[in-house]
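J.: Sharing target_34.tsv, TSV, C-alpha atoms:
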chain	number	residue	atom	x	y	z
U	1	MET	CA	88.59	156.58	93.08
U	2	THR	CA	91.77	154.92	94.39
U	3	SER	CA	91.79	152.04	96.82
U	4	CYS	CA	94.25	151.66	99.64
U	5	PRO	CA	95.40	148.28	100.94
U	6	PRO	CA	93.84	147.39	104.28
U	7	ARG	CA	95.92	148.22	107.28
U	8	SER	CA	97.28	145.29	109.25
U	9	THR	CA	95.70	144.94	112.67
U	10	SER	CA	99.07	143.93	114.15
U	11	ASP	CA	100.73	147.22	113.16
U	12	SER	CA	100.62	149.97	115.73
U	13	PRO	CA	99.88	153.45	114.34
U	14	ASP	CA	102.68	155.20	116.23
U	15	LYS	CA	105.67	153.28	114.77
U	16	PRO	CA	106.93	153.46	111.21
U	17	GLU	CA	106.76	150.20	109.26
U	18	GLY	CA	110.54	149.60	109.32
U	19	GLU	CA	110.68	149.81	113.11
U	20	GLN	CA	107.78	147.39	113.58
U	21	ALA	CA	109.57	144.67	111.67
U	22	GLN	CA	112.67	145.19	113.84
U	23	ASP	CA	110.96	144.61	117.21
U	24	PRO	CA	112.03	140.99	117.95
U	25	ARG	CA	109.46	140.38	120.68
U	26	LYS	CA	106.63	141.49	118.45
U	27	ARG	CA	107.96	139.46	115.54
U	28	GLU	CA	108.24	136.38	117.77
U	29	GLU	CA	104.70	136.92	119.03
U	30	GLN	CA	103.46	137.13	115.43
U	31	ALA	CA	105.25	133.90	114.53
U	32	LYS	CA	103.75	132.18	117.57
U	33	ASN	CA	100.28	133.39	116.57
U	34	VAL	CA	100.75	132.05	113.03
U	35	CYS	CA	101.61	128.63	114.48
U	36	LEU	CA	98.71	128.68	116.94
U	37	ARG	CA	96.24	129.55	114.17
U	38	LEU	CA	97.55	126.67	112.06
U	39	LEU	CA	97.41	124.27	115.00
U	40	THR	CA	93.83	125.31	115.69
U	41	VAL	CA	92.76	123.90	112.33
U	42	ARG	CA	94.55	120.53	112.75
U	43	ALA	CA	97.62	118.99	114.33
U	44	ARG	CA	100.79	119.67	112.35
U	45	THR	CA	104.36	118.46	112.33
U	46	ARG	CA	107.27	120.66	113.28
U	47	ALA	CA	108.45	120.64	109.66
U	48	GLU	CA	105.05	121.82	108.40
U	49	LEU	CA	105.04	124.73	110.82
U	50	GLU	CA	108.66	125.53	110.00
U	51	GLY	CA	107.75	125.64	106.31
U	52	GLN	CA	104.81	127.96	106.95
U	53	LEU	CA	106.95	130.35	108.98
U	54	SER	CA	109.66	130.32	106.34
U	55	LYS	CA	107.09	131.01	103.63
U	56	ARG	CA	105.93	134.02	105.61
U	57	GLY	CA	109.47	135.38	105.85
U	58	TYR	CA	110.37	134.55	109.46
U	59	GLU	CA	114.05	134.00	110.16
U	60	ASP	CA	115.27	130.48	110.95
U	61	ASP	CA	116.51	131.31	114.46
U	62	LEU	CA	113.22	132.99	115.37
U	63	SER	CA	111.28	130.00	113.98
U	64	ALA	CA	113.46	127.61	115.98
U	65	ARG	CA	112.78	129.53	119.21
U	66	VAL	CA	109.03	129.65	118.64
U	67	LEU	CA	108.78	126.00	117.61
U	68	GLY	CA	111.00	124.93	120.50
U	69	ARG	CA	108.72	126.68	122.95
U	70	LEU	CA	105.59	125.14	121.37
U	71	ALA	CA	107.23	121.71	121.59
U	72	GLU	CA	108.11	122.32	125.27
U	73	VAL	CA	104.48	122.97	126.15
U	74	GLY	CA	103.33	119.95	124.13
U	75	LEU	CA	101.64	121.66	121.20
U	76	ILE	CA	104.06	120.11	118.69
U	77	ASP	CA	104.77	116.40	119.01
U	78	ASP	CA	105.79	114.56	115.84
U	79	GLU	CA	105.62	111.13	117.52
U	80	ASP	CA	102.04	111.68	118.65
U	81	PHE	CA	101.15	113.20	115.28
U	82	ALA	CA	102.51	110.15	113.43
U	83	GLU	CA	100.66	107.68	115.67
U	84	GLN	CA	97.37	109.52	115.25
U	85	TRP	CA	97.91	109.92	111.50
U	86	VAL	CA	98.57	106.18	111.05
U	87	ARG	CA	95.56	105.18	113.15
U	88	SER	CA	93.21	107.63	111.45
U	89	ARG	CA	94.30	107.16	107.84
U	90	HIS	CA	94.39	103.36	108.18
U	91	ALA	CA	90.90	103.19	109.67
U	92	ASN	CA	89.18	105.93	107.67
U	93	ALA	CA	90.99	105.98	104.32
U	94	GLY	CA	92.09	102.34	104.28
U	95	LYS	CA	95.75	103.23	103.70
U	96	GLY	CA	98.45	100.55	103.87
U	97	LYS	CA	101.87	100.86	105.48
U	98	ARG	CA	103.69	102.07	102.36
U	99	ALA	CA	101.18	104.84	101.63
U	100	LEU	CA	101.21	105.96	105.26
U	101	ALA	CA	105.02	106.11	105.29
U	102	VAL	CA	104.99	108.26	102.12
U	103	GLU	CA	102.38	110.63	103.58
U	104	LEU	CA	104.34	111.06	106.81
U	105	ARG	CA	107.61	111.65	104.92
U	106	LYS	CA	105.89	114.40	102.91
U	107	LYS	CA	104.85	116.00	106.19
U	108	GLY	CA	108.48	116.08	107.33
U	109	VAL	CA	108.33	113.33	109.96
U	110	ASP	CA	111.65	111.65	110.77
U	111	GLY	CA	112.20	108.11	109.48
U	112	GLU	CA	112.63	106.59	112.95
U	113	VAL	CA	109.39	108.19	114.11
U	114	ILE	CA	107.61	106.80	111.02
U	115	ASP	CA	108.98	103.30	111.68
U	116	ALA	CA	107.83	103.44	115.31
U	117	ALA	CA	104.33	104.61	114.33
U	118	LEU	CA	103.99	101.92	111.65
U	119	ALA	CA	105.26	99.22	114.02
U	120	ASP	CA	101.97	99.60	115.93
U	121	LEU	CA	100.03	98.68	112.78
U	122	ASP	CA	99.23	94.98	113.10
U	123	PRO	CA	99.69	92.97	109.85
U	124	ALA	CA	96.45	91.10	110.57
U	125	ALA	CA	94.57	94.39	110.97
U	126	GLU	CA	96.11	95.65	107.73
U	127	ARG	CA	94.94	92.54	105.91
U	128	GLN	CA	91.45	92.80	107.43
U	129	ARG	CA	91.19	96.39	106.24
U	130	ALA	CA	92.24	95.35	102.72
U	131	GLU	CA	89.65	92.56	102.76
U	132	GLN	CA	86.95	95.00	103.83
U	133	LEU	CA	87.87	97.44	101.07
U	134	VAL	CA	87.71	94.67	98.47
U	135	ARG	CA	84.40	93.31	99.81
U	136	ASP	CA	82.87	96.79	99.67
U	137	LYS	CA	83.98	97.24	96.05
U	138	LEU	CA	82.90	93.73	95.01
U	139	ARG	CA	79.37	94.29	96.27
U	140	ARG	CA	79.02	97.07	93.70
U	141	GLU	CA	80.60	95.06	90.86
U	142	ARG	CA	78.43	93.43	88.24
U	143	LEU	CA	79.56	89.84	88.07
U	144	SER	CA	77.95	87.54	85.55
U	145	GLY	CA	76.64	84.22	86.80
U	146	ASP	CA	79.40	82.19	85.25
U	147	ALA	CA	82.94	82.85	86.39
U	148	GLY	CA	84.31	84.18	83.10
U	149	LYS	CA	88.08	84.26	82.97
U	150	ASP	CA	88.19	87.64	81.15
U	151	GLU	CA	85.75	89.21	83.59
U	152	ASP	CA	87.71	87.93	86.61
U	153	VAL	CA	90.96	89.26	85.16
U	154	LYS	CA	89.46	92.74	84.69
U	155	VAL	CA	87.89	92.81	88.16
U	156	THR	CA	91.10	91.49	89.73
U	157	ARG	CA	93.21	94.09	87.94
U	158	ARG	CA	90.92	96.92	89.08
U	159	LEU	CA	90.82	95.77	92.70
U	160	VAL	CA	94.56	95.04	92.95
U	161	GLY	CA	95.21	98.50	91.49
U	162	MET	CA	92.91	100.06	94.09
U	163	LEU	CA	94.80	98.34	96.90
U	164	ALA	CA	98.19	99.22	95.40
U	165	ARG	CA	97.23	102.92	95.25
U	166	ARG	CA	96.39	102.72	98.93
U	167	GLY	CA	99.81	101.30	99.77
U	168	TYR	CA	99.19	97.57	100.13
U	169	SER	CA	101.82	95.12	98.90
U	170	GLN	CA	101.18	93.45	95.55
U	171	SER	CA	101.32	89.93	96.98
U	172	MET	CA	98.79	90.74	99.70
U	173	ALA	CA	96.57	92.55	97.20
U	174	PHE	CA	96.48	89.59	94.78
U	175	ASP	CA	95.83	87.14	97.60
U	176	VAL	CA	93.05	89.22	99.16
U	177	VAL	CA	91.36	89.91	95.82
U	178	SER	CA	91.40	86.27	94.68
U	179	VAL	CA	89.97	85.02	97.99
U	180	GLU	CA	87.32	87.74	98.20
U	181	LEU	CA	86.33	87.36	94.53
U	182	ALA	CA	85.80	83.62	95.07
U	183	ASN	CA	83.80	84.34	98.24
U	184	GLU	CA	81.63	86.91	96.46
U	185	ARG	CA	80.90	84.53	93.58
U	186	GLU	CA	79.94	81.84	96.11
U	187	ARG	CA	77.73	84.27	98.03
U	188	ARG	CA	75.91	85.28	94.83
U	189	ARG	CA	75.40	81.65	93.83
U	190	VAL	CA	73.47	80.92	97.04
What do you get writing this file as structure tokens?
T.:
Amino acid sequence: MTSCPPRSTSDSPDKPEGEQAQDPRKREEQAKNVCLRLLTVRARTRAELEGQLSKRGYEDDLSARVLGRLAEVGLIDDEDFAEQWVRSRHANAGKGKRALAVELRKKGVDGEVIDAALADLDPAAERQRAEQLVRDKLRRERLSGDAGKDEDVKVTRRLVGMLARRGYSQSMAFDVVSVELANERERRRV
């Protein structure tokens, strides 16, 4: 028994395969549908969509036309994407400015757009988020009753590393961890 590959639903039965690929309107419609399916799942940057179309073998000029049209109607907006990404990832994942900038660069967002999106991130809010992350971790830490120097060094190293991986500056991380560690020890003493 031999198996045949499934027939594409976008192919019409009356045209040979070579002719179907040559119909520019149909090809453009297919590219648009690929983008719309991807945008249905989540918002994407222009560069992400461009990469997906390229991966699927669509020509650059066709991709540019389709993406231009989607941008015209407001379905692709890198500025809005960057603002939402920064807000969401800062609040939900606790990411700092550096980590957010790296994530947006990987998604193909322009440097000026990244700078504008990160400018909205208040330094005080960034510090508060770092403090909350450290407090949450400290509550689960086993701290002995006496403030042992070795124990504090280990806990500090772990917590500073956690903040650094999330994109917080080293100076802020050390400051936040030392203050929150002292506060947690005081809270447990009472």
J.: Which residue gives the smallest distance to U:Asp175 among U:Ser63, U:Gln30, U:Thr156, U:Ser54, with all atoms listed in the file counted?
T.: U:Thr156
J.: Give me, as a PDB file with C-alpha atoms, in the frame of the given file, all polymer residues having an atom no more than 7 Å from U:Gly94, counting only C-alpha atoms and skipping those fewer than 3 positions away in the same chain.
T.:
ATOM      1  CA  ARG U  89      94.300 107.160 107.840  1.00  0.00           C
ATOM      2  CA  HIS U  90      94.390 103.360 108.180  1.00  0.00           C
ATOM      3  CA  ALA U  91      90.900 103.190 109.670  1.00  0.00           C
ATOM      4  CA  ARG U 129      91.190  96.390 106.240  1.00  0.00           C
ATOM      5  CA  ARG U 166      96.390 102.720  98.930  1.00  0.00           C
TER       6      ARG U 166
END
J.: Using only C-alpha atoms, find the one residue out of U:Ala82, U:Leu36, U:Ala164, U:Met172 that sits nearest to U:Asp110.
T.: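 Smallest distance to U:Asp110 is found for U:Ala82.
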J.: Record the distance separating atom CA of U:Cys35 and atom CA of U:Gly108, expressed in Å with one decimal.
T.: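 Between these atoms lies a distance of 16.0 Å.
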J.: What does the structure give for the distance between atom CA of U:Asp78 and atom CA of U:Arg46, in Å to one decimal?
T.: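 Atom CA of U:Arg46 lies at a distance of 6.8 Å from atom CA of U:Asp78.
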J.: What does the distance from atom CA of U:Val160 to atom CA of U:Ala173 come to in Å, to one decimal?
T.: 5.3 Å
J.: For U:Gly68, list every protein, DNA or RNA residue within 12 Å, evaluated using only C-alpha atoms, and leave out those in the same chain fewer than 2 positions away; present the list as a list of chain:residue names.
T.: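 So, after excluding close chain neighbours, the residues are U:Lys32, U:Cys35, U:Arg46, U:Ala47, U:Leu49, U:Glu50, U:Asp60, U:Asp61, U:Leu62, U:Ser63, U:Ala64, U:Arg65, U:Val66, U:Leu70, U:Ala71, U:Glu72, U:Val73, U:Gly74, U:Leu75, U:Ile76, U:Asp77.
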